[in-house]
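Trainee: Data file target27.txt (compact mmCIF, C-alpha atoms) is appended below.
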# COMPACT_ATOMS: atom_id res chain seq x y z
CA MET A 5 -30.05 -33.72 -31.32
CA LYS A 6 -32.03 -31.78 -28.71
CA LYS A 7 -31.87 -28.63 -30.81
CA VAL A 8 -33.17 -30.46 -33.93
CA LEU A 9 -36.00 -32.03 -31.92
CA ALA A 10 -36.95 -28.66 -30.39
CA LEU A 11 -36.98 -27.07 -33.84
CA THR A 12 -39.22 -29.85 -35.18
CA ILE A 13 -41.65 -29.46 -32.29
CA THR A 14 -41.74 -25.71 -32.77
CA MET A 15 -42.68 -26.19 -36.41
CA VAL A 16 -45.41 -28.61 -35.35
CA VAL A 17 -46.77 -26.03 -32.92
CA LEU A 18 -46.71 -23.33 -35.55
CA THR A 19 -48.43 -25.64 -38.00
CA ALA A 20 -51.07 -26.52 -35.42
CA CYS A 21 -51.62 -22.91 -34.56
CA GLY A 22 -51.79 -21.91 -38.16
CA GLY A 23 -54.14 -24.74 -39.27
CA GLY A 24 -57.89 -24.62 -39.68
CA SER A 25 -60.01 -22.09 -41.43
CA LYS A 26 -58.92 -19.19 -39.25
CA THR A 27 -55.51 -18.20 -37.96
CA THR A 28 -54.87 -16.81 -34.48
CA GLU A 29 -54.51 -13.33 -35.99
CA ASP A 30 -57.87 -13.69 -37.72
CA ILE A 31 -59.57 -14.78 -34.51
CA ILE A 32 -58.05 -11.86 -32.54
CA ALA A 33 -59.08 -9.46 -35.30
CA SER A 34 -62.66 -10.74 -35.10
CA GLN A 35 -62.90 -9.42 -31.49
CA ASP A 36 -65.04 -12.50 -30.68
CA LEU A 37 -64.30 -13.24 -27.02
CA GLN A 38 -65.67 -16.78 -27.10
CA ALA A 39 -63.63 -17.67 -30.16
CA ILE A 40 -60.46 -16.20 -28.64
CA LYS A 41 -60.93 -18.20 -25.42
CA ALA A 42 -61.60 -21.37 -27.38
CA LYS A 43 -58.41 -20.87 -29.41
CA ARG A 44 -56.38 -20.33 -26.26
CA THR A 45 -57.79 -23.55 -24.71
CA GLU A 46 -56.83 -25.41 -27.84
CA LEU A 47 -53.24 -24.07 -27.78
CA VAL A 48 -52.76 -24.85 -24.06
CA ALA A 49 -53.85 -28.44 -24.61
CA THR A 50 -51.45 -28.72 -27.54
CA GLN A 51 -48.60 -27.29 -25.43
CA GLN A 52 -49.24 -29.76 -22.60
CA GLN A 53 -49.28 -32.65 -25.02
CA LEU A 54 -45.97 -31.53 -26.57
CA SER A 55 -44.33 -31.09 -23.16
CA SER A 56 -45.30 -34.64 -22.18
CA GLU A 57 -43.91 -36.04 -25.43
CA LEU A 58 -40.69 -34.01 -24.99
CA SER A 59 -40.11 -35.52 -21.56
CA GLN A 60 -40.50 -39.01 -22.96
CA LEU A 61 -38.09 -38.26 -25.79
CA ASP A 62 -35.49 -36.78 -23.42
CA ALA A 63 -35.64 -39.88 -21.22
CA ALA A 64 -35.11 -42.11 -24.25
CA ILE A 65 -32.17 -39.99 -25.47
CA LEU A 66 -30.53 -40.05 -22.03
CA LYS A 67 -30.83 -43.86 -21.97
CA LEU A 68 -29.51 -44.46 -25.48
CA ASP A 69 -26.94 -41.65 -26.03
CA ASP A 70 -23.58 -42.47 -24.39
CA ASN A 71 -22.50 -38.81 -24.61
CA MET A 72 -25.28 -37.84 -22.20
CA LYS A 73 -23.67 -40.04 -19.53
CA ILE A 74 -20.30 -38.21 -19.71
CA PRO A 75 -19.77 -35.77 -16.81
CA LEU A 76 -19.99 -32.08 -17.63
CA VAL A 77 -16.95 -30.05 -16.54
CA SER A 78 -15.37 -26.68 -17.04
CA THR A 79 -11.69 -25.92 -17.55
CA VAL A 80 -9.29 -23.05 -17.01
CA THR A 81 -6.42 -22.50 -19.42
CA VAL A 82 -3.01 -21.87 -17.87
CA HIS A 83 -0.93 -19.04 -19.34
CA ASP A 84 2.38 -17.40 -18.48
CA THR A 85 1.61 -14.26 -16.49
CA LEU A 86 3.26 -11.72 -14.21
CA PHE A 87 2.91 -12.78 -10.58
CA LYS A 88 3.71 -10.63 -7.55
CA HIS A 89 3.49 -11.94 -4.02
CA PHE A 90 2.99 -9.54 -1.11
CA ILE A 91 3.33 -9.83 2.65
CA ASP A 92 1.10 -7.73 4.92
CA ILE A 93 2.61 -5.79 7.83
CA GLN A 94 1.22 -3.10 10.11
CA GLY A 95 2.99 0.19 10.73
CA SER A 96 2.47 3.82 11.64
CA VAL A 97 3.56 7.05 9.98
CA ASP A 98 6.37 9.12 11.44
CA THR A 99 8.59 12.02 10.42
CA LYS A 100 12.11 12.99 11.35
CA ASN A 101 11.05 16.63 11.28
CA LEU A 102 8.79 16.69 14.31
CA ILE A 103 10.23 18.16 17.49
CA THR A 104 9.18 20.03 20.60
CA ILE A 105 11.35 23.12 20.94
CA MET A 106 12.82 23.72 24.40
CA PRO A 107 14.77 26.75 25.64
CA GLU A 108 18.52 26.88 26.13
CA PHE A 109 18.35 29.87 28.48
CA SER A 110 16.55 30.53 31.76
CA GLY A 111 14.33 33.57 32.00
CA THR A 112 10.99 35.10 31.14
CA LEU A 113 9.56 34.40 27.69
CA SER A 114 9.31 38.02 26.57
CA GLN A 115 8.06 37.58 22.99
CA VAL A 116 6.38 34.91 20.83
CA TYR A 117 6.52 35.90 17.17
CA VAL A 118 4.51 33.06 15.59
CA LYS A 119 1.04 31.55 15.74
CA GLU A 120 -0.27 27.99 15.59
CA GLY A 121 -0.58 26.78 12.02
CA GLN A 122 1.93 29.33 10.72
CA LYS A 123 4.54 28.14 8.23
CA VAL A 124 8.10 29.13 9.09
CA GLY A 125 11.47 28.86 7.41
CA LYS A 126 14.67 27.37 8.75
CA GLY A 127 16.40 29.80 11.12
CA GLN A 128 13.36 32.07 11.45
CA LEU A 129 13.02 33.82 14.85
CA LEU A 130 10.15 32.19 16.76
CA ALA A 131 10.42 33.64 20.28
CA LYS A 132 12.68 35.63 22.59
CA ILE A 133 13.66 35.13 26.24
CA ASP A 134 14.56 38.09 28.45
CA ASP A 135 18.36 38.15 28.69
CA GLY A 136 18.48 39.44 32.26
CA GLY A 137 20.95 42.24 31.53
CA LEU A 138 23.35 40.33 29.28
CA SER A 139 22.99 42.98 26.56
CA GLN A 140 24.33 45.66 28.92
CA GLN A 141 27.18 43.41 30.00
CA LEU A 142 28.03 42.80 26.35
CA ALA A 143 28.14 46.53 25.68
CA GLN A 144 30.56 47.04 28.59
CA LEU A 145 32.74 44.19 27.40
CA GLU A 146 32.88 45.68 23.92
CA ILE A 147 34.07 49.02 25.37
CA GLN A 148 36.73 47.27 27.42
CA ALA A 149 37.73 45.23 24.40
CA ALA A 150 38.14 48.36 22.29
CA LEU A 151 40.52 49.82 24.90
CA ALA A 152 42.41 46.57 25.18
CA LYS A 153 42.74 46.43 21.39
CA THR A 154 44.14 49.98 21.22
CA THR A 155 46.65 49.23 23.98
CA TYR A 156 47.68 46.00 22.28
CA GLU A 157 48.19 47.69 18.89
CA ARG A 158 50.34 50.42 20.43
CA GLN A 159 52.47 47.94 22.37
CA GLU A 160 52.82 45.89 19.18
CA ARG A 161 54.17 48.90 17.23
CA LEU A 162 56.59 49.78 20.06
CA TRP A 163 57.78 46.19 20.28
CA GLU A 164 58.42 46.13 16.54
CA GLN A 165 60.65 49.21 17.07
CA ASN A 166 62.43 47.47 19.98
CA ILE A 167 60.91 49.92 22.43
CA GLY A 168 59.60 48.64 25.74
CA SER A 169 59.76 45.14 27.21
CA GLU A 170 58.42 41.93 25.75
CA ILE A 171 56.35 41.30 28.86
CA GLN A 172 54.41 44.54 28.32
CA TYR A 173 53.65 43.46 24.75
CA LEU A 174 52.52 40.01 25.81
CA GLN A 175 50.37 41.36 28.63
CA ALA A 176 48.61 43.75 26.24
CA LYS A 177 48.05 40.95 23.74
CA SER A 178 46.70 38.59 26.39
CA ALA A 179 44.34 41.24 27.77
CA TYR A 180 42.94 41.95 24.31
CA GLU A 181 42.45 38.25 23.47
CA ALA A 182 40.75 37.66 26.82
CA GLN A 183 38.32 40.52 26.19
CA ASP A 184 37.64 39.28 22.66
CA GLN A 185 36.94 35.76 23.94
CA ALA A 186 34.65 37.13 26.66
CA ILE A 187 32.65 38.99 24.01
CA GLY A 188 32.33 35.78 21.97
CA ASN A 189 31.07 33.85 24.96
CA MET A 190 28.61 36.59 25.85
CA LYS A 191 27.24 36.62 22.27
CA LYS A 192 26.75 32.86 22.44
CA GLN A 193 24.78 33.28 25.64
CA LEU A 194 22.68 36.04 24.10
CA ALA A 195 22.02 33.88 21.03
CA LYS A 196 20.39 31.32 23.33
CA THR A 197 17.80 33.91 24.28
CA GLN A 198 16.53 33.85 20.70
CA VAL A 199 14.50 30.76 19.75
CA THR A 200 14.80 29.94 16.03
CA ALA A 201 13.27 27.25 13.77
CA PRO A 202 15.61 24.25 13.33
CA PHE A 203 13.99 23.46 9.98
CA ALA A 204 11.25 24.71 7.69
CA GLY A 205 7.80 23.56 8.76
CA THR A 206 4.54 24.45 10.46
CA ILE A 207 4.00 25.53 14.06
CA ASP A 208 1.70 22.78 15.28
CA GLU A 209 1.17 24.04 18.84
CA ILE A 210 2.26 26.92 21.09
CA ILE A 211 2.81 25.26 24.47
CA THR A 212 4.19 28.16 26.55
CA GLU A 213 2.71 31.63 26.19
CA LYS A 214 4.44 34.98 26.51
CA GLY A 215 5.26 36.06 30.09
CA ASN A 216 5.99 32.59 31.51
CA VAL A 217 9.32 31.73 33.08
CA VAL A 218 11.15 29.00 31.18
CA ALA A 219 14.17 26.84 31.96
CA PRO A 220 16.43 24.60 29.84
CA GLY A 221 15.45 20.92 29.82
CA GLN A 222 12.16 21.58 31.62
CA SER A 223 9.94 23.97 29.66
CA GLN A 224 8.35 23.12 26.30
CA LEU A 225 7.92 26.21 24.14
CA MET A 226 6.24 24.97 20.95
CA ARG A 227 5.98 22.03 18.56
CA ILE A 228 7.09 22.30 14.94
CA VAL A 229 6.45 19.71 12.23
CA ASN A 230 7.32 19.24 8.57
CA LEU A 231 5.04 16.82 6.68
CA ASN A 232 7.17 16.61 3.53
CA ASP A 233 9.59 13.94 4.72
CA MET A 234 7.25 11.24 6.04
CA TYR A 235 8.09 7.58 6.47
CA ILE A 236 6.80 4.34 7.98
CA GLU A 237 9.06 2.23 10.17
CA SER A 238 8.02 -1.37 10.75
CA ASP A 239 9.37 -4.72 11.98
CA VAL A 240 9.60 -7.56 9.45
CA PRO A 241 10.12 -11.25 10.33
CA GLU A 242 13.70 -12.36 9.66
CA ARG A 243 12.66 -15.01 7.10
CA TYR A 244 12.07 -12.19 4.60
CA ILE A 245 15.52 -10.61 5.00
CA ALA A 246 16.80 -12.05 1.72
CA ALA A 247 13.77 -10.83 -0.24
CA ILE A 248 13.52 -7.21 0.94
CA ARG A 249 16.03 -4.65 -0.25
CA PRO A 250 16.12 -0.86 -0.68
CA GLY A 251 13.90 -0.19 -3.69
CA THR A 252 11.49 -3.08 -3.02
CA GLU A 253 7.94 -2.21 -4.12
CA VAL A 254 5.49 -1.42 -1.31
CA LYS A 255 1.77 -0.66 -1.45
CA VAL A 256 0.65 1.45 1.51
CA GLU A 257 -2.99 1.56 2.60
CA PHE A 258 -4.43 4.04 5.10
CA PRO A 259 -7.69 2.51 6.42
CA VAL A 260 -8.76 5.69 8.21
CA LEU A 261 -8.34 7.83 5.10
CA GLY A 262 -9.60 5.20 2.67
CA THR A 263 -6.63 5.87 0.39
CA SER A 264 -3.51 4.04 -0.75
CA LEU A 265 -0.26 4.79 -2.55
CA GLU A 266 2.70 2.99 -4.07
CA THR A 267 6.21 3.61 -2.80
CA GLN A 268 9.48 1.77 -2.04
CA VAL A 269 11.58 0.54 0.84
CA ARG A 270 14.29 3.18 1.36
CA GLN A 271 16.22 1.60 4.22
CA VAL A 272 16.69 -1.93 5.57
CA GLY A 273 18.10 -2.50 9.04
CA ASP A 274 21.30 -4.53 9.57
CA PHE A 275 20.28 -5.74 13.02
CA ILE A 276 17.98 -8.62 13.94
CA ASN A 277 16.16 -8.23 17.23
CA LYS A 278 16.78 -11.36 19.31
CA ALA A 279 13.57 -10.85 21.30
CA ASN A 280 11.15 -11.14 18.34
CA ARG A 281 13.46 -12.19 15.45
CA THR A 282 12.62 -9.19 13.28
CA PHE A 283 14.53 -6.50 11.42
CA ARG A 284 13.49 -2.91 10.77
CA ILE A 285 12.62 -1.34 7.46
CA GLU A 286 11.85 2.26 6.58
CA VAL A 287 9.40 3.09 3.80
CA GLY A 288 9.24 6.57 2.33
CA VAL A 289 5.79 8.14 2.19
CA PRO A 290 5.25 10.91 -0.38
CA ASN A 291 2.91 13.52 1.06
CA PRO A 292 2.53 16.40 -1.43
CA GLU A 293 -0.98 17.30 -0.23
CA GLY A 294 -0.12 17.05 3.47
CA TYR A 295 -3.12 14.86 4.43
CA ILE A 296 -0.92 12.11 5.90
CA LYS A 297 -0.16 12.87 9.55
CA PRO A 298 2.38 11.46 12.05
CA ASN A 299 1.22 8.37 14.00
CA LEU A 300 -1.41 7.53 11.33
CA THR A 301 -2.02 3.76 11.15
CA ALA A 302 -0.92 2.16 7.89
CA LYS A 303 -0.99 -1.29 6.28
CA LEU A 304 2.09 -2.24 4.26
CA ARG A 305 1.92 -4.74 1.40
CA ILE A 306 5.56 -5.55 0.59
CA ASN A 307 6.45 -7.31 -2.66
CA ASP A 308 8.73 -10.13 -1.48
CA TYR A 309 8.56 -12.24 -4.65
CA SER A 310 7.95 -11.65 -8.38
CA SER A 311 7.90 -13.87 -11.45
CA GLU A 312 7.59 -12.64 -15.02
CA LYS A 313 6.27 -15.97 -16.38
CA ALA A 314 4.30 -17.61 -13.62
CA LEU A 315 1.68 -20.31 -14.12
CA LEU A 316 -1.28 -19.58 -11.85
CA ILE A 317 -4.28 -21.81 -11.14
CA PRO A 318 -7.22 -21.51 -8.72
CA GLN A 319 -6.42 -23.17 -5.41
CA ASP A 320 -9.76 -25.01 -5.35
CA VAL A 321 -8.81 -27.21 -8.35
CA ILE A 322 -5.95 -28.86 -6.44
CA SER A 323 -6.38 -32.21 -4.67
CA GLU A 324 -4.02 -34.30 -2.54
CA ASP A 325 -3.43 -38.03 -2.50
CA ALA A 326 -2.80 -40.21 0.55
CA ASN A 327 0.91 -39.30 0.46
CA GLY A 328 0.20 -35.57 0.52
CA GLN A 329 1.19 -35.07 -3.12
CA GLN A 330 -0.78 -32.38 -4.93
CA TYR A 331 -2.38 -33.09 -8.28
CA VAL A 332 -4.81 -31.66 -10.81
CA TYR A 333 -6.64 -33.07 -13.82
CA VAL A 334 -5.45 -31.84 -17.21
CA LEU A 335 -7.56 -32.13 -20.32
CA SER A 336 -5.89 -34.27 -22.98
CA GLU A 337 -6.84 -35.98 -26.21
CA LYS A 338 -9.39 -33.33 -26.99
CA ALA A 339 -11.67 -34.87 -29.56
CA ASP A 340 -14.20 -32.45 -31.04
CA GLY A 341 -14.09 -29.31 -28.94
CA GLN A 342 -16.92 -30.66 -26.80
CA THR A 343 -15.40 -33.79 -25.26
CA GLY A 344 -11.98 -34.93 -24.12
CA THR A 345 -10.05 -37.17 -21.78
CA VAL A 346 -8.54 -36.04 -18.46
CA ALA A 347 -5.17 -37.07 -17.05
CA GLN A 348 -4.14 -36.91 -13.41
CA THR A 349 -1.07 -34.66 -13.20
CA PHE A 350 1.08 -34.20 -10.11
CA ILE A 351 2.30 -30.66 -9.51
CA LYS A 352 4.61 -28.66 -7.28
CA THR A 353 3.25 -25.37 -6.01
CA GLY A 354 4.84 -22.18 -4.70
CA ARG A 355 3.43 -19.01 -3.22
CA SER A 356 -0.26 -18.16 -3.22
CA GLN A 357 -2.00 -14.80 -3.51
CA GLY A 358 -5.72 -14.58 -2.90
CA ASP A 359 -7.51 -17.48 -4.60
CA PHE A 360 -4.60 -18.36 -6.92
CA ILE A 361 -1.36 -20.27 -6.43
CA GLU A 362 1.77 -20.53 -8.56
CA VAL A 363 2.62 -23.89 -10.11
CA LEU A 364 6.38 -24.46 -10.20
CA ASP A 365 6.38 -27.87 -11.87
CA GLY A 366 3.94 -30.21 -13.61
CA LEU A 367 2.12 -27.80 -15.94
CA LYS A 368 3.04 -25.81 -19.01
CA ASP A 369 1.68 -22.80 -20.85
CA GLY A 370 -1.59 -23.63 -22.64
CA ASP A 371 -2.63 -26.60 -20.46
CA GLU A 372 -6.36 -26.87 -19.70
CA VAL A 373 -6.99 -27.76 -16.08
CA LEU A 374 -10.35 -29.06 -14.86
CA GLN A 375 -12.13 -26.61 -12.58
CA GLU A 376 -15.82 -27.42 -12.04
CA GLY A 377 -16.15 -31.18 -11.65
CA ALA A 378 -12.45 -31.67 -10.82
CA ARG A 379 -13.21 -33.21 -7.41
CA PHE A 380 -15.19 -36.06 -9.02
CA ALA A 381 -12.98 -36.73 -12.04
CA LYS A 382 -10.88 -39.85 -12.54
CA ASP A 383 -7.67 -40.44 -14.45
CA GLY A 384 -8.44 -41.33 -18.08
CA GLN A 385 -12.11 -40.39 -17.78
CA LYS A 386 -13.97 -38.91 -20.74
CA VAL A 387 -15.69 -35.58 -20.06
CA ARG A 388 -17.80 -32.96 -21.78
CA ILE A 389 -16.53 -29.37 -21.63
CA LYS A 390 -19.23 -26.79 -21.08
CA ASN A 391 -17.06 -23.70 -21.46
CA GLN A 392 -15.65 -24.58 -24.88
Go ahead and express the file in the form of structure tokens.
Mentor:
Amino acid sequence: MKKVLALTITMVVLTACGGGSKTTEDIIASQDLQAIKAKRTELVATQQQLSSELSQLDAAILKLDDNMKIPLVSTVTVHDTLFKHFIDIQGSVDTKNLITIMPEFSGTLSQVYVKEGQKVGKGQLLAKIDDGGLSQQLAQLEIQAALAKTTYERQERLWEQNIGSEIQYLQAKSAYEAQDQAIGNMKKQLAKTQVTAPFAGTIDEIITEKGNVVAPGQSQLMRIVNLNDMYIESDVPERYIAAIRPGTEVKVEFPVLGTSLETQVRQVGDFINKANRTFRIEVGVPNPEGYIKPNLTAKLRINDYSSEKALLIPQDVISEDANGQQYVYVLSEKADGQTGTVAQTFIKTGRSQGDFIEVLDGLKDGDEVLQEGARFAKDGQKVRIKNQ
């Protein structure tokens, strides 16, 4: 009715403006300032008169039209949707391929073959420790072993021909085996003078420079790291132990870097810590570009619950009665697309995420739930819907 009235008034205004011997366009075209001002004064007076009459008409309509007394509300339609719930946990990045290399032999660090930042392969020679004369001792042992071998082989041939005594044969054999074992032990000792890479990676820091004396278990030579196999280890409260499994979806955020990635839980601990009632999980962190570093702070968002057909509603539409039961108002008996009747409906809710919560019972797909105006609605009340 308002729209019809406004249209009628507009026509009246146009008629008033267009009446008389001269139109507004004619007066403007005349370039007569006094006439233009007079026309404007006339139009303003007409506008004020129409505004006053409109206010009176609106007041009369509000008093007589029952529809104008119906509260105006908005609704949200509930649909089946995919719902994923996440728990937030803090963690830090680590790698199993990060070690500080220490010597296995005492002596002077005679050579360092790598530089900081250099990439190395597994088994590559990194440094050498002075062997303190072991090489010369090995050479002497090898000479003695060669003689012992010759003696043993000759005694063996004689023994096969039943020449000589068995004790001579056994003594020759024992002497040769002892020399051979001594050579093996000496080579193992010499191998400890050569420092090799335990895995492929990058030399992060050279700690001990060439010329320093080093000792096993005391001196740190260098640090090597491989950033390809990164992971995050974190403690999770025991109440989530049934929901988290290897393969569970995880969103990882790095606040310092301003980046995030999606990955999975790759290992779940079988032990619950009695001190804090948590269990450990390990989350793989792909790092193809190498910008993720060990000890970097991370935020884990672990998907502990998913539903393919969840009914979600805004949390602010839910009310509680005196018994603590949750309820919403559902639009029913929709009359003409503009008005309808609301019904109080009790619901059972589940997990929430952000501003929305899952409804487990009480609603169905396609229900229209009151949103704006829900706090003031009453069961069976007639309402006008502004978003329809």
Trainee: For segment 179-190 of chain A, work out the shell of residues within 10 Å, counting all atoms listed in the file and skipping chain neighbours fewer than 4 positions away, then give it as a VMD selection string.
Mentor: chain A and resid 138 to 139 141 to 157 174 to 175 194 to 195
Trainee: Provide the atom CA of Tyr117 of chain A to atom CA of Asn299 of chain A distance in Å, to one decimal place.
Mentor: 28.2 Å
Trainee: Determine, counting only C-alpha atoms, which protein, DNA and RNA residues have an atom within 7 Å of an atom of segment 282-297 of chain A; residues of the same chain fewer than 2 positions away are not included. Present the result as number ranges by chain.
Mentor: A: 97, 231-232, 234-242, 267-273, 275-277, 280, 299-300
Trainee: Would you list the contacts of Ser264 of chain A as a ChimeraX atom specification, taking every protein, DNA or RNA residue within 10 Å and counting all atoms listed in the file, but skipping same-chain residues closer than 6 positions in sequence?
Mentor: /A:255-258,302-304
Trainee: Padding 4 Å on each side, edges along x, y and z: where is the centre of the box around the listed atoms of segment 162-169 of chain A, and how long are its edges in Å to one decimal? Output it as lines of an AutoDock Vina configuration file.
Mentor:
center_x = 59.5
center_y = 47.5
center_z = 21.9
size_x = 13.8
size_y = 12.8
size_z = 18.7
Trainee: Kindly indicate which residue among A:Ile167, A:Ile351, A:Leu113, A:Val124 lies nearest to Val217 of chain A, using all atoms listed in the file for the distances.
Mentor: A:Leu113
Trainee: Identify which of the residues A:Thr197, A:Ser310, A:Thr301, A:Gln159 lies closest to Leu86 of chain A, counting all atoms listed in the file when measuring atom-to-atom distances.
Mentor: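 Of A:Thr197, A:Ser310, A:Thr301, A:Gln159, the one nearest Leu86 of chain A is A:Ser310, counting all atoms listed in the file.
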Trainee: List every protein, DNA or RNA residue that has at least one atom no more than 10 Å from (-4.0, -16.8, -18.6) in the file's coordinates, counting all atoms listed in the file, and write the result as a short mmCIF file (atom, residue, chain, number, x, y, z; two decimals) with C-alpha atoms, in the coordinates of the input.
Mentor:
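What landed in part_2.cif:
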data_model
loop_
_atom_site.label_atom_id
_atom_site.label_comp_id
_atom_site.auth_asym_id
_atom_site.auth_seq_id
_atom_site.Cartn_x
_atom_site.Cartn_y
_atom_site.Cartn_z
CA VAL A 80 -9.29 -23.05 -17.01
CA THR A 81 -6.42 -22.50 -19.42
CA VAL A 82 -3.01 -21.87 -17.87
CA HIS A 83 -0.93 -19.04 -19.34
CA ASP A 84 2.38 -17.40 -18.48
CA THR A 85 1.61 -14.26 -16.49
CA LEU A 86 3.26 -11.72 -14.21
CA ALA A 314 4.30 -17.61 -13.62
CA LEU A 315 1.68 -20.31 -14.12
CA LEU A 316 -1.28 -19.58 -11.85
CA ILE A 317 -4.28 -21.81 -11.14
CA ASP A 369 1.68 -22.80 -20.85
CA GLY A 370 -1.59 -23.63 -22.64
#
Trainee: Might you pull out every residue within 8 Å of segment 386-388 of chain A, with only C-alpha atoms counted and same-chain residues fewer than 6 positions away left off, and present them as a list in words?
Mentor: Ile74, Pro75, Leu76, Val77, Gln342, Thr343, Gly344, Thr345 and Val346 of chain A
Trainee: Between atom CA of Ile248 of chain A and atom CA of Asn230 of chain A, what is the distance in Å, rounded to a tenth?
Mentor: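 Distance reported for this atom pair: 28.2 Å.
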Trainee: Which residue, A:Ser55, A:Gln348, A:Gln172, A:Asn307, has the smallest gap to Gly366 of chain A when you use all atoms listed in the file?
Mentor: A:Gln348
Trainee: With a distance cut-off of 6 Å and only C-alpha atoms, select the neighbouring residues of Gln330 of chain A, excluding the residue or stretch itself and same-chain residues fewer than 5 positions from it, and output the selection as a tab-separated table (two decimals) with C-alpha atoms, in the coordinates of the input.
Mentor:
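To be explicit, this is the file written out as result15.tsv:
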chain	number	residue	atom	x	y	z
A	323	SER	CA	-6.38	-32.21	-4.67
A	324	GLU	CA	-4.02	-34.30	-2.54
A	350	PHE	CA	1.08	-34.20	-10.11
A	351	ILE	CA	2.30	-30.66	-9.51
Trainee: Taking only N, CA and C atoms, show segment 103-121 of chain A of the given structure as an mmCIF file, in the first residue's frame.
Mentor:
data_model
loop_
_atom_site.group_PDB
_atom_site.id
_atom_site.type_symbol
_atom_site.label_atom_id
_atom_site.label_comp_id
_atom_site.auth_asym_id
_atom_site.auth_seq_id
_atom_site.Cartn_x
_atom_site.Cartn_y
_atom_site.Cartn_z
ATOM 1 N N ILE A 103 72.195 -33.263 13.519
ATOM 2 C CA ILE A 103 73.113 -33.740 14.541
ATOM 3 C C ILE A 103 74.372 -32.867 14.574
ATOM 4 N N THR A 104 75.025 -32.903 15.715
ATOM 5 C CA THR A 104 76.346 -32.289 15.860
ATOM 6 C C THR A 104 77.370 -33.416 15.799
ATOM 7 N N ILE A 105 78.243 -33.361 14.820
ATOM 8 C CA ILE A 105 79.221 -34.430 14.617
ATOM 9 C C ILE A 105 80.362 -34.276 15.616
ATOM 10 N N MET A 106 80.687 -35.391 16.280
ATOM 11 C CA MET A 106 81.793 -35.415 17.252
ATOM 12 C C MET A 106 82.815 -36.464 16.825
ATOM 13 N N PRO A 107 84.069 -36.278 17.185
ATOM 14 C CA PRO A 107 85.116 -37.204 16.742
ATOM 15 C C PRO A 107 85.064 -38.531 17.498
ATOM 16 N N GLU A 108 85.608 -39.555 16.875
ATOM 17 C CA GLU A 108 85.767 -40.851 17.519
ATOM 18 C C GLU A 108 87.238 -41.149 17.816
ATOM 19 N N PHE A 109 88.093 -40.173 17.536
ATOM 20 C CA PHE A 109 89.538 -40.390 17.683
ATOM 21 C C PHE A 109 90.158 -39.124 18.266
ATOM 22 N N SER A 110 91.129 -39.306 19.156
ATOM 23 C CA SER A 110 91.827 -38.164 19.749
ATOM 24 C C SER A 110 93.011 -37.758 18.881
ATOM 25 N N GLY A 111 93.173 -36.463 18.712
ATOM 26 C CA GLY A 111 94.297 -35.970 17.927
ATOM 27 C C GLY A 111 94.048 -34.568 17.413
ATOM 28 N N THR A 112 94.926 -34.135 16.539
ATOM 29 C CA THR A 112 94.819 -32.802 15.949
ATOM 30 C C THR A 112 93.964 -32.861 14.693
ATOM 31 N N LEU A 113 93.014 -31.930 14.580
ATOM 32 C CA LEU A 113 92.181 -31.853 13.383
ATOM 33 C C LEU A 113 93.046 -31.297 12.247
ATOM 34 N N SER A 114 93.501 -32.197 11.386
ATOM 35 C CA SER A 114 94.490 -31.807 10.367
ATOM 36 C C SER A 114 93.859 -31.193 9.132
ATOM 37 N N GLN A 115 92.639 -31.592 8.784
ATOM 38 C CA GLN A 115 91.997 -31.058 7.581
ATOM 39 C C GLN A 115 90.492 -30.915 7.801
ATOM 40 N N VAL A 116 89.919 -29.840 7.237
ATOM 41 C CA VAL A 116 88.462 -29.663 7.163
ATOM 42 C C VAL A 116 88.140 -29.434 5.695
ATOM 43 N N TYR A 117 87.394 -30.340 5.092
ATOM 44 C CA TYR A 117 87.195 -30.320 3.641
ATOM 45 C C TYR A 117 85.913 -29.613 3.192
ATOM 46 N N VAL A 118 85.110 -29.133 4.126
ATOM 47 C CA VAL A 118 83.824 -28.517 3.753
ATOM 48 C C VAL A 118 83.717 -27.114 4.333
ATOM 49 N N LYS A 119 82.704 -26.383 3.847
ATOM 50 C CA LYS A 119 82.438 -25.032 4.328
ATOM 51 C C LYS A 119 80.994 -24.953 4.819
ATOM 52 N N GLU A 120 80.720 -23.935 5.623
ATOM 53 C CA GLU A 120 79.348 -23.719 6.097
ATOM 54 C C GLU A 120 78.429 -23.428 4.914
ATOM 55 N N GLY A 121 77.261 -24.057 4.937
ATOM 56 C CA GLY A 121 76.296 -23.891 3.857
ATOM 57 C C GLY A 121 76.500 -24.850 2.702
#
